[in-house]
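What's in final-v9.cif: mmCIF, C-alpha atoms and all ligand atoms
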data_upload
loop_
_atom_site.label_atom_id
_atom_site.label_comp_id
_atom_site.auth_asym_id
_atom_site.auth_seq_id
_atom_site.Cartn_x
_atom_site.Cartn_y
_atom_site.Cartn_z
CA MET A 231 0.00 0.00 0.00
CA LEU A 232 1.73 3.05 -1.30
CA ARG A 233 0.89 5.49 1.46
CA ASN A 234 2.28 3.29 4.15
CA ALA A 235 5.62 4.35 2.82
CA LEU A 236 4.99 7.99 3.49
CA CYS A 237 6.36 8.31 6.95
CA PHE A 238 9.53 6.64 5.87
CA THR A 239 9.56 8.92 2.89
CA CYS A 240 9.26 11.92 5.11
CA ALA A 241 12.44 11.03 6.88
CA LEU A 242 14.11 10.22 3.59
CA LEU A 243 13.08 13.36 1.82
CA LEU A 244 13.75 15.66 4.73
CA ALA A 245 17.33 14.52 4.55
CA MET A 246 17.56 15.46 0.91
CA ALA A 247 19.23 18.61 -0.28
CA CYS A 248 16.02 19.48 -2.03
CA SER A 249 13.39 20.55 0.43
CA ASP A 250 10.21 19.02 -0.65
CA ASP A 251 6.54 19.78 -0.49
CA ASN A 252 5.26 16.34 -0.09
CA ASP A 253 7.33 14.80 2.58
CA ARG A 254 5.54 17.06 5.00
CA ARG A 255 2.31 16.69 3.15
CA GLY A 256 2.68 12.97 3.66
CA LEU A 257 2.76 13.56 7.41
CA GLY A 258 -0.20 15.84 7.08
CA ASP A 259 -2.10 13.26 5.13
CA ALA A 260 -2.40 11.07 8.16
CA ASP A 261 -4.25 13.83 9.90
CA ASN A 262 -6.20 14.77 6.86
CA HIS A 263 -7.46 11.30 6.27
CA ALA A 264 -8.62 10.97 9.84
CA ASN A 265 -10.60 14.15 9.45
CA ASN A 266 -11.39 13.87 5.78
CA PRO A 267 -15.13 14.19 5.46
CA ALA A 268 -15.06 12.58 2.02
CA ASP A 269 -13.68 9.38 3.44
CA PRO A 270 -16.45 6.78 3.23
CA ASN A 271 -14.80 4.86 6.02
CA ASN A 272 -14.90 7.80 8.37
CA PRO A 273 -17.99 7.38 10.54
CA ASN A 274 -17.86 11.09 11.32
CA GLN A 275 -18.07 12.20 7.75
CA PRO A 276 -20.76 14.84 7.24
CA VAL A 277 -21.65 13.67 3.73
CA ASP A 278 -25.37 13.24 3.68
CA PRO A 279 -26.76 12.17 0.30
CA ASN A 280 -30.12 13.50 1.34
CA ASN A 281 -28.80 16.91 2.17
CA PRO A 282 -30.15 19.22 -0.54
CA ASN A 283 -27.45 21.77 0.21
CA GLN A 284 -24.51 19.57 -0.54
CA PRO A 285 -22.56 21.29 -3.29
CA VAL A 286 -21.45 18.31 -5.32
CA ASP A 287 -24.57 16.89 -6.89
CA PRO A 288 -24.86 17.99 -10.52
CA ASN A 289 -28.55 17.17 -10.46
CA ASN A 290 -29.15 19.20 -7.34
CA PRO A 291 -31.31 22.23 -8.20
CA ASN A 292 -29.64 24.13 -5.39
CA GLN A 293 -26.18 23.80 -6.83
CA PRO A 294 -24.58 27.22 -7.12
CA VAL A 295 -23.75 27.12 -10.83
CA ASP A 296 -26.59 27.07 -13.31
CA PRO A 297 -25.38 27.24 -16.90
CA ASN A 298 -28.65 28.80 -17.94
CA ASN A 299 -28.55 31.43 -15.26
CA PRO A 300 -27.76 34.80 -16.84
CA ASN A 301 -26.39 35.91 -13.49
CA GLN A 302 -23.73 33.25 -13.42
CA PRO A 303 -20.42 34.66 -12.30
CA VAL A 304 -18.60 34.46 -15.62
CA ASP A 305 -19.87 37.89 -16.56
CA PRO A 306 -16.83 40.15 -16.89
CA ASN A 307 -19.01 43.16 -16.20
CA ASN A 308 -20.16 41.88 -12.84
CA PRO A 309 -19.69 44.82 -10.45
CA ASN A 310 -19.57 42.46 -7.50
CA GLN A 311 -16.37 40.79 -8.48
CA PRO A 312 -13.92 41.17 -5.64
CA VAL A 313 -10.87 42.50 -7.45
CA ASP A 314 -10.44 45.65 -9.46
CA THR A 315 -10.33 44.36 -13.00
CA ASN A 316 -8.77 47.53 -14.29
CA HIS A 317 -5.73 46.62 -12.33
CA PRO A 318 -2.93 45.58 -14.70
CA HIS A 319 -2.05 42.20 -13.33
CA ASN A 320 0.49 41.17 -15.82
CA THR A 321 2.70 42.24 -18.62
CA ASP A 322 4.66 39.14 -19.46
CA ALA A 323 5.11 38.14 -23.04
CA SER A 324 3.02 34.98 -22.77
CA ASP A 325 -0.15 37.06 -22.78
CA SER A 326 0.54 38.53 -26.17
CA ASP A 327 -0.85 35.40 -27.77
CA ILE A 328 -4.22 35.69 -26.04
CA PRO A 329 -5.91 38.35 -28.12
CA TRP A 330 -9.40 38.01 -26.67
CA LEU A 331 -8.33 39.62 -23.43
CA PRO A 332 -8.94 43.35 -23.28
CA THR A 333 -5.98 45.58 -22.54
CA ASP A 334 -5.61 48.89 -20.79
CA SER A 335 -4.10 52.06 -22.23
CA ASP A 336 -0.60 50.70 -21.68
CA ASN A 337 -1.51 47.60 -23.66
CA VAL A 338 -1.31 45.55 -20.47
CA PRO A 339 -3.68 42.58 -20.61
CA ASN A 340 -6.52 42.87 -18.16
CA LEU A 341 -6.69 39.32 -16.87
CA ASP A 342 -9.93 39.92 -15.04
CA ILE A 343 -9.63 36.55 -13.39
CA ALA A 344 -10.37 37.07 -9.71
CA ARG A 345 -14.10 37.37 -9.98
CA GLU A 346 -16.36 35.06 -8.07
CA MET A 347 -16.41 31.47 -9.32
CA PRO A 348 -18.64 29.25 -7.18
CA LEU A 349 -17.77 25.70 -6.40
CA SER A 350 -18.82 23.43 -9.23
CA PHE A 351 -18.25 19.99 -10.62
CA MET A 352 -19.08 21.26 -14.09
CA PRO A 353 -17.02 23.37 -16.51
CA PRO A 354 -17.61 27.14 -16.29
CA GLY A 355 -19.86 29.11 -18.58
CA GLY A 356 -22.30 26.27 -19.08
CA LEU A 357 -19.94 24.56 -21.51
CA SER A 358 -20.60 20.92 -22.24
CA VAL A 359 -17.91 18.55 -21.09
CA ALA A 360 -17.44 17.33 -24.67
CA LYS A 361 -16.51 20.85 -25.79
CA THR A 362 -14.23 21.55 -22.84
CA PRO A 363 -10.44 21.41 -23.28
CA MET A 364 -8.65 18.86 -21.13
CA PHE A 365 -6.25 21.15 -19.31
CA ILE A 366 -3.09 19.74 -17.77
CA VAL A 367 -1.17 22.09 -15.47
CA LEU A 368 2.38 21.11 -14.58
CA GLY A 369 3.51 23.10 -11.54
CA TYR A 370 7.22 22.99 -10.72
CA ASP A 371 8.20 23.94 -7.15
CA ASP A 372 11.53 25.04 -5.62
CA ASN A 373 13.65 25.09 -8.82
CA ARG A 374 17.07 25.04 -7.20
CA TYR A 375 19.13 23.35 -9.89
CA GLU A 376 20.12 24.80 -13.24
CA ASP A 377 20.25 21.44 -15.03
CA GLY A 378 16.83 20.38 -13.75
CA MET A 379 15.32 23.62 -15.01
CA GLN A 380 17.07 23.25 -18.33
CA TRP A 381 15.83 19.70 -18.81
CA VAL A 382 12.17 20.45 -18.11
CA LEU A 383 12.22 23.55 -20.30
CA ASP A 384 13.85 21.66 -23.17
CA MET A 385 11.48 18.72 -22.79
CA MET A 386 8.41 20.94 -22.99
CA LEU A 387 9.78 22.83 -25.99
CA GLN A 388 9.83 19.60 -27.95
CA HIS A 389 6.04 19.68 -28.13
CA LYS A 390 3.16 21.93 -29.02
CA ASN A 391 -0.45 21.70 -27.93
CA PRO A 392 -2.74 20.03 -30.49
CA ALA A 393 -3.48 22.21 -33.50
CA GLY A 394 -7.25 22.18 -32.96
CA SER A 395 -8.89 24.82 -35.14
CA GLY A 396 -6.13 27.35 -34.56
CA ASN A 397 -8.09 29.20 -31.89
CA ASP A 398 -5.83 31.13 -29.52
CA ALA A 399 -8.63 31.19 -26.96
CA THR A 400 -8.14 27.45 -26.44
CA PHE A 401 -4.35 27.61 -26.87
CA ASP A 402 -4.50 25.58 -30.08
CA GLY A 403 -1.03 24.85 -31.40
CA HIS A 404 0.64 26.93 -28.69
CA ASN A 405 3.86 25.99 -26.96
CA LEU A 406 3.30 24.00 -23.81
CA LYS A 407 3.19 26.28 -20.79
CA ALA A 408 3.68 25.48 -17.11
CA SER A 409 3.93 27.26 -13.76
CA PHE A 410 7.17 27.58 -11.82
CA TYR A 411 6.82 28.32 -8.10
CA PHE A 412 10.23 29.68 -7.20
CA THR A 413 11.97 29.57 -3.84
CA THR A 414 14.09 32.64 -4.25
CA ASP A 415 16.92 31.90 -1.83
CA ALA A 416 17.90 29.18 -4.30
CA LEU A 417 19.70 31.96 -6.15
CA ASP A 418 22.17 32.20 -3.23
CA ASP A 419 23.74 28.94 -4.36
CA GLY A 420 22.51 28.77 -7.93
CA GLY A 421 23.81 32.19 -8.92
CA GLU A 422 23.71 33.57 -12.43
CA ALA A 423 23.51 30.16 -14.11
CA LEU A 424 20.31 29.29 -12.25
CA LEU A 425 18.90 32.77 -12.75
CA ALA A 426 19.50 32.44 -16.49
CA GLN A 427 17.24 29.37 -16.55
CA TRP A 428 14.57 31.12 -14.46
CA ARG A 429 14.65 34.02 -16.93
CA ARG A 430 14.52 31.60 -19.82
CA ALA A 431 11.35 30.07 -18.39
CA VAL A 432 9.66 33.46 -18.22
CA ASP A 433 10.91 34.40 -21.69
CA ILE A 434 9.32 31.24 -23.10
CA GLY A 435 6.04 32.29 -21.50
CA HIS A 436 5.90 30.06 -18.45
CA GLU A 437 4.35 31.49 -15.31
CA ALA A 438 6.47 32.68 -12.37
CA GLY A 439 4.82 31.95 -9.01
CA ASN A 440 5.71 32.44 -5.34
CA HIS A 441 7.01 29.54 -3.22
CA THR A 442 8.40 31.84 -0.48
CA HIS A 443 11.95 33.06 -0.04
CA THR A 444 13.44 30.42 2.27
CA HIS A 445 10.96 27.50 2.26
CA ARG A 446 10.82 27.45 6.06
CA GLU A 447 9.51 24.72 8.32
CA ARG A 448 6.18 25.51 9.93
CA GLU A 449 7.54 25.57 13.48
CA ARG A 450 9.41 28.74 12.74
CA GLU A 451 6.58 30.52 11.06
CA THR A 452 4.50 33.35 12.41
CA PRO A 453 2.01 35.45 10.46
CA PHE A 454 4.69 38.08 10.19
CA VAL A 455 7.08 35.53 8.71
CA TRP A 456 4.50 34.52 6.12
CA GLN A 457 4.17 38.14 5.06
CA GLU A 458 7.93 38.57 4.96
CA GLU A 459 8.55 35.31 3.12
CA LEU A 460 5.97 36.03 0.44
CA THR A 461 6.80 39.67 -0.13
CA THR A 462 10.54 39.02 -0.21
CA CYS A 463 10.00 36.31 -2.80
CA ASN A 464 7.85 38.64 -4.89
CA SER A 465 10.44 41.42 -4.65
CA ILE A 466 13.29 39.19 -5.76
CA LEU A 467 11.30 37.67 -8.61
CA ALA A 468 10.27 41.10 -9.82
CA GLU A 469 13.80 42.45 -9.65
CA LYS A 470 15.67 39.45 -11.00
CA LEU A 471 13.18 38.42 -13.67
CA GLY A 472 12.29 41.95 -14.71
CA ILE A 473 8.55 41.51 -14.24
CA PRO A 474 6.03 43.67 -12.33
CA ARG A 475 5.27 42.54 -8.79
CA ASN A 476 1.64 42.18 -9.70
CA ALA A 477 2.57 39.82 -12.53
CA ILE A 478 3.10 37.19 -9.84
CA LEU A 479 -0.39 35.81 -9.40
CA GLY A 480 -0.05 32.60 -7.42
CA VAL A 481 1.35 31.07 -4.24
CA ARG A 482 2.20 27.52 -3.29
CA ALA A 483 2.97 26.98 0.41
CA PRO A 484 6.22 25.16 1.24
CA PHE A 485 5.42 21.56 2.18
CA LEU A 486 1.83 22.46 1.20
CA ASP A 487 1.71 23.61 4.80
CA PHE A 488 -0.92 26.31 4.63
CA LEU A 489 -2.49 25.85 8.03
CA ALA A 490 -0.33 27.06 10.82
CA PRO A 491 0.05 29.93 11.04
CA PRO A 492 -2.50 30.58 8.38
CA LEU A 493 -1.26 31.46 4.99
CA PHE A 494 -4.73 32.58 4.09
CA ASP A 495 -4.85 35.31 6.72
CA THR A 496 -1.92 36.88 4.95
CA LEU A 497 -3.47 36.44 1.53
CA ALA A 498 -6.86 37.73 2.68
CA ALA A 499 -5.20 40.93 3.79
CA GLY A 500 -4.09 41.46 0.21
CA LEU A 501 -0.62 40.77 -1.03
CA ASP A 502 0.64 42.50 -4.14
CA GLY A 503 -1.21 40.96 -7.08
CA ILE A 504 -1.64 37.47 -5.62
CA ILE A 505 -4.99 36.10 -6.73
CA TYR A 506 -4.67 32.35 -6.29
CA ASP A 507 -3.38 29.65 -3.99
CA CYS A 508 -2.54 26.12 -5.10
CA SER A 509 -1.56 24.48 -1.80
CA ILE A 510 -4.55 22.39 -0.79
CA ARG A 511 -5.11 18.76 -1.66
CA HIS A 512 -8.55 17.94 -3.03
CA ASP A 513 -9.75 14.37 -3.40
CA PRO A 514 -12.41 13.29 -5.88
CA TYR A 515 -15.95 12.92 -4.68
CA GLY A 516 -19.07 11.07 -5.86
CA ASP A 517 -22.52 12.48 -6.36
CA ASN A 518 -23.60 10.24 -3.54
CA PRO A 519 -21.80 7.66 -1.45
CA GLU A 520 -23.58 4.76 -3.14
CA ASN A 521 -22.72 5.73 -6.67
CA TRP A 522 -18.98 5.83 -7.23
CA THR A 523 -19.38 5.73 -10.98
CA PHE A 524 -19.22 9.49 -10.99
CA TYR A 525 -16.39 9.88 -8.55
CA ARG A 526 -14.74 13.00 -9.84
CA HIS A 527 -13.00 16.28 -9.09
CA VAL A 528 -14.23 19.76 -8.31
CA TRP A 529 -13.14 22.53 -10.71
CA PRO A 530 -10.98 25.40 -9.41
CA TYR A 531 -13.10 27.95 -7.56
CA THR A 532 -12.96 31.13 -5.54
CA LEU A 533 -13.09 31.11 -1.77
CA GLU A 534 -15.85 33.55 -0.85
CA LYS A 535 -17.61 30.66 0.86
CA GLY A 536 -14.47 29.00 2.08
CA LEU A 537 -12.93 25.70 1.19
CA ASP A 538 -14.91 22.78 -0.16
CA VAL A 539 -15.17 20.47 2.84
CA PHE A 540 -16.18 17.50 0.71
CA THR A 541 -13.04 17.31 -1.34
CA ALA A 542 -10.49 19.26 0.70
CA GLY A 543 -11.37 18.44 4.29
CA GLY A 544 -12.77 20.70 6.95
CA HIS A 545 -9.95 23.21 7.19
CA ALA A 546 -11.01 26.67 8.27
CA ILE A 547 -9.16 29.15 6.11
CA GLY A 548 -11.57 32.07 6.13
CA ASN A 549 -13.03 33.53 3.00
CA PRO A 550 -10.23 35.25 1.12
CA ALA A 551 -11.26 36.68 -2.23
CA ILE A 552 -8.83 34.53 -4.15
CA TRP A 553 -8.94 31.39 -6.27
CA GLU A 554 -8.14 27.93 -5.00
CA VAL A 555 -6.54 25.78 -7.67
CA PRO A 556 -6.56 22.31 -6.11
CA CYS A 557 -3.61 20.00 -5.74
CA TYR A 558 -5.52 16.94 -6.87
CA SER A 559 -4.66 13.53 -5.55
CA LEU A 560 -3.36 10.92 -7.98
CA PRO A 561 -4.81 7.41 -8.14
CA THR A 562 -2.89 4.18 -7.71
CA SER A 563 -5.05 2.44 -10.29
CA GLY A 564 -7.30 3.24 -13.20
CA ASP A 565 -10.28 1.85 -11.32
CA ARG A 566 -12.68 4.67 -10.58
CA ALA A 567 -14.44 2.74 -7.86
CA GLY A 568 -11.09 2.25 -6.12
CA MET A 569 -10.79 5.99 -5.69
CA ARG A 570 -13.33 5.83 -2.87
CA GLN A 571 -10.56 4.49 -0.66
CA PRO A 572 -8.12 7.15 0.53
CA GLN A 573 -5.26 4.66 0.49
CA ASN A 574 -5.71 4.35 -3.27
CA MET A 575 -4.75 7.98 -3.80
CA TYR A 576 -1.84 10.17 -2.81
CA THR A 577 -0.95 13.82 -3.05
CA GLY A 578 -0.20 14.44 -6.68
CA PHE A 579 3.47 15.30 -6.57
CA ASP A 580 6.43 13.57 -8.18
CA SER A 581 8.37 13.49 -4.92
CA THR A 582 5.51 11.78 -3.12
CA ALA A 583 5.18 9.26 -5.94
CA TYR A 584 8.86 8.37 -5.65
CA ALA A 585 8.54 6.74 -2.27
CA GLU A 586 11.02 3.98 -1.58
CA GLY A 587 9.99 0.79 -3.36
CA TYR A 588 8.05 2.49 -6.14
CA SER A 589 9.24 2.88 -9.67
CA ALA A 590 9.19 5.71 -12.15
CA SER A 591 6.70 3.74 -14.20
CA ASP A 592 4.35 3.78 -11.20
CA PHE A 593 4.33 7.58 -11.40
CA TYR A 594 3.85 7.47 -15.16
CA ASN A 595 0.88 5.18 -14.70
CA ALA A 596 -0.65 7.37 -11.99
CA MET A 597 -0.55 10.41 -14.27
CA LYS A 598 -1.91 8.36 -17.15
CA TRP A 599 -4.77 6.95 -15.07
CA ALA A 600 -5.63 10.39 -13.72
CA LEU A 601 -5.93 11.68 -17.27
CA GLU A 602 -7.88 8.68 -18.52
CA LEU A 603 -10.37 8.97 -15.66
CA ARG A 604 -10.99 12.62 -16.54
CA MET A 605 -11.48 11.79 -20.22
CA ALA A 606 -13.86 8.90 -19.55
CA GLU A 607 -17.55 9.08 -20.37
CA GLY A 608 -19.45 10.67 -17.51
CA ASP A 609 -16.51 12.51 -16.00
CA ASN A 610 -16.35 16.31 -15.92
CA ARG A 611 -12.90 16.87 -17.47
CA ALA A 612 -11.74 18.85 -14.44
CA PRO A 613 -8.21 20.19 -14.97
CA LEU A 614 -5.38 17.81 -14.09
CA THR A 615 -2.87 19.64 -11.94
CA ILE A 616 0.35 17.71 -11.34
CA GLY A 617 2.87 18.84 -8.75
CA LEU A 618 6.46 18.50 -9.87
CA HIS A 619 9.92 19.70 -8.96
CA SER A 620 12.41 20.57 -11.64
CA ASP A 621 14.96 19.41 -9.05
CA THR A 622 13.59 15.86 -9.46
CA TYR A 623 15.03 15.94 -12.99
CA SER A 624 18.48 17.24 -11.94
CA ALA A 625 21.64 15.15 -11.81
CA GLN A 626 22.55 17.07 -8.65
CA ASN A 627 19.62 15.56 -6.79
CA THR A 628 20.80 12.23 -5.38
CA GLY A 629 17.95 11.71 -2.96
CA TYR A 630 15.88 9.33 -5.06
CA SER A 631 16.34 5.59 -5.46
CA GLN A 632 14.78 5.72 -8.93
CA PRO A 633 17.43 6.47 -11.59
CA LEU A 634 17.47 9.97 -13.10
CA ALA A 635 16.94 8.64 -16.61
CA GLU A 636 13.81 6.79 -15.49
CA ARG A 637 12.43 9.81 -13.64
CA ARG A 638 12.93 11.94 -16.74
CA ALA A 639 11.42 9.30 -18.99
CA ALA A 640 8.30 9.00 -16.83
CA LEU A 641 7.48 12.69 -17.21
CA ALA A 642 8.50 13.00 -20.86
CA ASP A 643 6.59 9.86 -21.78
CA PHE A 644 3.46 11.11 -20.01
CA VAL A 645 3.56 14.43 -21.87
CA ASP A 646 4.03 12.55 -25.12
CA TYR A 647 1.24 10.09 -24.30
CA ALA A 648 -1.24 12.82 -23.36
CA LEU A 649 -0.63 14.83 -26.53
CA ARG A 650 -0.61 11.78 -28.78
CA THR A 651 -3.78 10.26 -27.33
CA TYR A 652 -6.17 13.14 -26.72
CA PRO A 653 -6.60 16.04 -29.18
CA GLU A 654 -8.50 17.82 -26.39
CA VAL A 655 -5.40 18.08 -24.18
CA ARG A 656 -3.86 21.50 -23.55
CA PHE A 657 -0.79 21.93 -21.34
CA VAL A 658 -1.20 25.37 -19.80
CA SER A 659 0.06 27.41 -16.86
CA THR A 660 -2.24 27.97 -13.89
CA LYS A 661 -2.55 31.57 -15.03
CA GLN A 662 -3.73 30.46 -18.47
CA LEU A 663 -6.20 28.04 -16.88
CA LEU A 664 -7.74 30.85 -14.83
CA MET A 665 -7.82 33.10 -17.89
CA TRP A 666 -9.75 30.45 -19.75
CA MET A 667 -12.12 29.89 -16.82
CA SER A 668 -12.86 33.61 -16.86
CA HIS A 669 -13.50 33.56 -20.61
CA PRO A 670 -14.65 29.96 -21.19
CA THR A 671 -14.25 29.10 -24.84
CA PRO A 672 -15.36 25.74 -26.26
CA LEU A 673 -13.44 23.44 -28.52
CA PRO A 674 -15.01 23.21 -32.02
ZN ZN B 701 8.80 23.17 -2.14
#

Take the structure in the file and write it out as structure tokens.
Amino acid sequence: MLRNALCFTCALLLAMACSDDNDRRGLGDADNHANNPADPNNPNQPVDPNNPNQPVDPNNPNQPVDPNNPNQPVDPNNPNQPVDTNHPHNTDASDSDIPWLPTDSDNVPNLDIAREMPLSFMPPGGLSVAKTPMFIVLGYDDNRYEDGMQWVLDMMLQHKNPAGSGNDATFDGHNLKASFYFTTDALDDGGEALLAQWRRAVDIGHEAGNHTHTHRERERETPFVWQEELTTCNSILAEKLGIPRNAILGVRAPFLDFLAPPLFDTLAAGLDGIIYDCSIRHDPYGDNPENWTFYRHVWPYTLEKGLDVFTAGGHAIGNPAIWEVPCYSLPTSGDRAGMRQPQNMYTGFDSTAYAEGYSASDFYNAMKWALELRMAEGDNRAPLTIGLHSDTYSAQNTGYSQPLAERRAALADFVDYALRTYPEVRFVSTKQLLMWMSHPTPLP
């Protein structure tokens, strides 16, 4: 059972030069599973199939998103959206290929992406699942090694998204894009050579995100430290990468440790241009506990009503006016019914997958199964976010038992498989995903 290895993995990974998100998340998982309300084995779970207010039933007339409702929150002119949409969030070159976005007088794209997006198991804008792109978001944390960065950038440049009908609004034929959540003190050791790769990523059009300055352990954190860690990271990224501070839209907490002291208190207070978090694991959930056929994932959503307790546990994080882009769990088989058991899923990060005793092909299969489940009849094609570390693909990282060549092959082969198998697949950055969700555009 894969997750039994986690505690051992924690000790293993903590000893590695590369600080890792998932070693600690593995520890946290034990707690999360005990309290996870979506766990059918948890007698305390609050999931009541007869509760008309539960948010996950697509046939529930009380569900918050009605595709026929003209007041649905995808209206860019909605005056109630929580963030000033005239605010120039971003000027990086990757936006120049998204012509449907309006721009301000300085020709800065107005991303307009922090409006309210209620929790939903269906694509935004009333789009049918069949017309919805299958988004895959690769998010690379830490990024401490030049050669790891270089390898992932080169690997992604070998591909383009499917040609589709040539519509920029669905990223047809575009270069693959990803999100890099940088830990900025990595530049202390990595120097100019590492910085050159970070700049190269941004020049290609990948997204630069915030993974704090020093990647601290939670014991040393205070709310003040959160503020300092995040703002210092933003300052260094802006200065070193030559991008506006408010071009940095997203945060991933070190070790996915968002709870104590609360990351979200800091984000709720407003922090530069940060409009999304991607630190919280979400498990799939069925439309009722007896019918696991439709066990599936919630779409990214905004947090006006807090976190979805059904798929993310009962964590109290307040109601910050930002997006939550889930870290989805990955399955250990392609059997949808098996996903009802927490032990058949794990936090969807490469480092967690590479527990002792597991092979690179196990990780390849997990990514493949996660994609196939989303593409299956009856699923909702929720985005597939996969947590990665460019450091995992570095020759300088000696902390894994799986050979470097096999780790690289697993990721490269998955990218190749996804693009070769499904013309609906689009590899995008988190920022691009949220842009699309704000301007949902169907496939032909
Ligand atoms: Zn990390």

Choose the residue, out of A:Asp513, A:Asp592, A:Glu607, A:Glu554, that has the smallest atom-to-atom separation from Phe540 of chain A; count only C-alpha atoms. A:Asp513

Enclose segment 352-361 of chain A, meaning all of its atoms listed in the file, in a box aligned along x, y and z, pad it by 8 Å on each side, and list the centre and edge lengths in Å to one decimal, as AutoDock Vina command-line options.
--center_x -19.4 --center_y 23.2 --center_z -19.9 --size_x 21.8 --size_y 27.8 --size_z 27.7

Would you mind telling me which residue in A:Tyr584, A:Met364, A:His619, A:Leu357 lies nearest to His441 of chain A when using only C-alpha atoms? A:His619

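The set of protein, DNA and RNA residues with any counted atom at most 8 Å from (10.2, 33.6, -6.2) (only C-alpha atoms) reads Tyr411, Phe412, Thr413, Thr414, Ala438, Gly439, Asn440, His441, Thr442, His443, Cys463, Asn464, Ser465, Ile466 and Leu467 of chain A.
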
For each of A:Gln380, A:Asn391, A:Thr532, A:Gln427, take the minimum atom-to-atom distance to Tyr623 of chain A, counting all atoms listed in the file, then give the residue where this is smallest. A:Gln380

Counting only C-alpha atoms, which residues have an atom no more than 7 Å from (-4.1, 17.8, -18.0) in the file's coordinates? Please list them as an NGL selection string. :A and (364-367 or 601 or 613-615 or 655-657)

For the selection you just gave me, I'd like the residues written to a file as a PDB file, in the frame of the given file, keeping C-alpha atoms.
ATOM      1  CA  MET A 364      -8.650  18.860 -21.130  1.00  0.00           C
ATOM      2  CA  PHE A 365      -6.250  21.150 -19.310  1.00  0.00           C
ATOM      3  CA  ILE A 366      -3.090  19.740 -17.770  1.00  0.00           C
ATOM      4  CA  VAL A 367      -1.170  22.090 -15.470  1.00  0.00           C
ATOM      5  CA  LEU A 601      -5.930  11.680 -17.270  1.00  0.00           C
ATOM      6  CA  PRO A 613      -8.210  20.190 -14.970  1.00  0.00           C
ATOM      7  CA  LEU A 614      -5.380  17.810 -14.090  1.00  0.00           C
ATOM      8  CA  THR A 615      -2.870  19.640 -11.940  1.00  0.00           C
ATOM      9  CA  VAL A 655      -5.400  18.080 -24.180  1.00  0.00           C
ATOM     10  CA  ARG A 656      -3.860  21.500 -23.550  1.00  0.00           C
ATOM     11  CA  PHE A 657      -0.790  21.930 -21.340  1.00  0.00           C
TER      12      PHE A 657
END

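Atom pair atom CA of Met347 of chain A / atom CA of Trp529 of chain A: separated by 9.6 Å.
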
Name all residues at most 8 Å from Leu471 of chain A (count only C-alpha atoms; drop same-chain ones fewer than 6 positions away) and give them as a list in words.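 Selected residues are Trp428, Arg429 and Val432 of chain A.
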
Expressed in Å to a single decimal, how great is the separation between atom CA of Ile616 of chain A and atom CA of Leu368 of chain A?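 About the pair atom CA of Ile616 of chain A and atom CA of Leu368 of chain A: they are 5.1 Å apart.
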
Kindly indicate which residue among A:Ala542, A:Val555, A:Ala567, A:Val481 lies nearest to ligand ZN 701 (chain B), using only C-alpha atoms and all ligand atoms for the distances.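 Comparing A:Ala542, A:Val555, A:Ala567, A:Val481 against ligand ZN 701 (chain B), the winner is A:Val481.
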
Mind completing segment 422-432 of chain A with N, CA and C atoms? Output as a PDB file, in the frame of the given file, please?
ATOM      1  N   GLU A 422      24.133  33.083 -11.115  1.00  0.00           N
ATOM      2  CA  GLU A 422      23.710  33.570 -12.430  1.00  0.00           C
ATOM      3  C   GLU A 422      23.263  32.432 -13.353  1.00  0.00           C
ATOM      4  N   ALA A 423      23.886  31.269 -13.218  1.00  0.00           N
ATOM      5  CA  ALA A 423      23.510  30.160 -14.110  1.00  0.00           C
ATOM      6  C   ALA A 423      22.068  29.724 -13.851  1.00  0.00           C
ATOM      7  N   LEU A 424      21.694  29.653 -12.579  1.00  0.00           N
ATOM      8  CA  LEU A 424      20.310  29.290 -12.250  1.00  0.00           C
ATOM      9  C   LEU A 424      19.364  30.401 -12.678  1.00  0.00           C
ATOM     10  N   LEU A 425      19.751  31.650 -12.383  1.00  0.00           N
ATOM     11  CA  LEU A 425      18.900  32.770 -12.750  1.00  0.00           C
ATOM     12  C   LEU A 425      18.645  32.792 -14.261  1.00  0.00           C
ATOM     13  N   ALA A 426      19.675  32.436 -15.035  1.00  0.00           N
ATOM     14  CA  ALA A 426      19.500  32.440 -16.490  1.00  0.00           C
ATOM     15  C   ALA A 426      18.399  31.465 -16.907  1.00  0.00           C
ATOM     16  N   GLN A 427      18.307  30.332 -16.223  1.00  0.00           N
ATOM     17  CA  GLN A 427      17.240  29.370 -16.550  1.00  0.00           C
ATOM     18  C   GLN A 427      15.878  29.878 -16.083  1.00  0.00           C
ATOM     19  N   TRP A 428      15.837  30.534 -14.924  1.00  0.00           N
ATOM     20  CA  TRP A 428      14.570  31.120 -14.460  1.00  0.00           C
ATOM     21  C   TRP A 428      14.081  32.161 -15.477  1.00  0.00           C
ATOM     22  N   ARG A 429      15.033  33.000 -15.946  1.00  0.00           N
ATOM     23  CA  ARG A 429      14.650  34.020 -16.930  1.00  0.00           C
ATOM     24  C   ARG A 429      14.203  33.371 -18.239  1.00  0.00           C
ATOM     25  N   ARG A 430      14.886  32.305 -18.591  1.00  0.00           N
ATOM     26  CA  ARG A 430      14.520  31.600 -19.820  1.00  0.00           C
ATOM     27  C   ARG A 430      13.084  31.089 -19.730  1.00  0.00           C
ATOM     28  N   ALA A 431      12.719  30.564 -18.573  1.00  0.00           N
ATOM     29  CA  ALA A 431      11.350  30.070 -18.390  1.00  0.00           C
ATOM     30  C   ALA A 431      10.337  31.187 -18.630  1.00  0.00           C
ATOM     31  N   VAL A 432      10.593  32.345 -18.055  1.00  0.00           N
ATOM     32  CA  VAL A 432       9.660  33.460 -18.220  1.00  0.00           C
ATOM     33  C   VAL A 432       9.655  33.947 -19.659  1.00  0.00           C
TER      34      VAL A 432
END
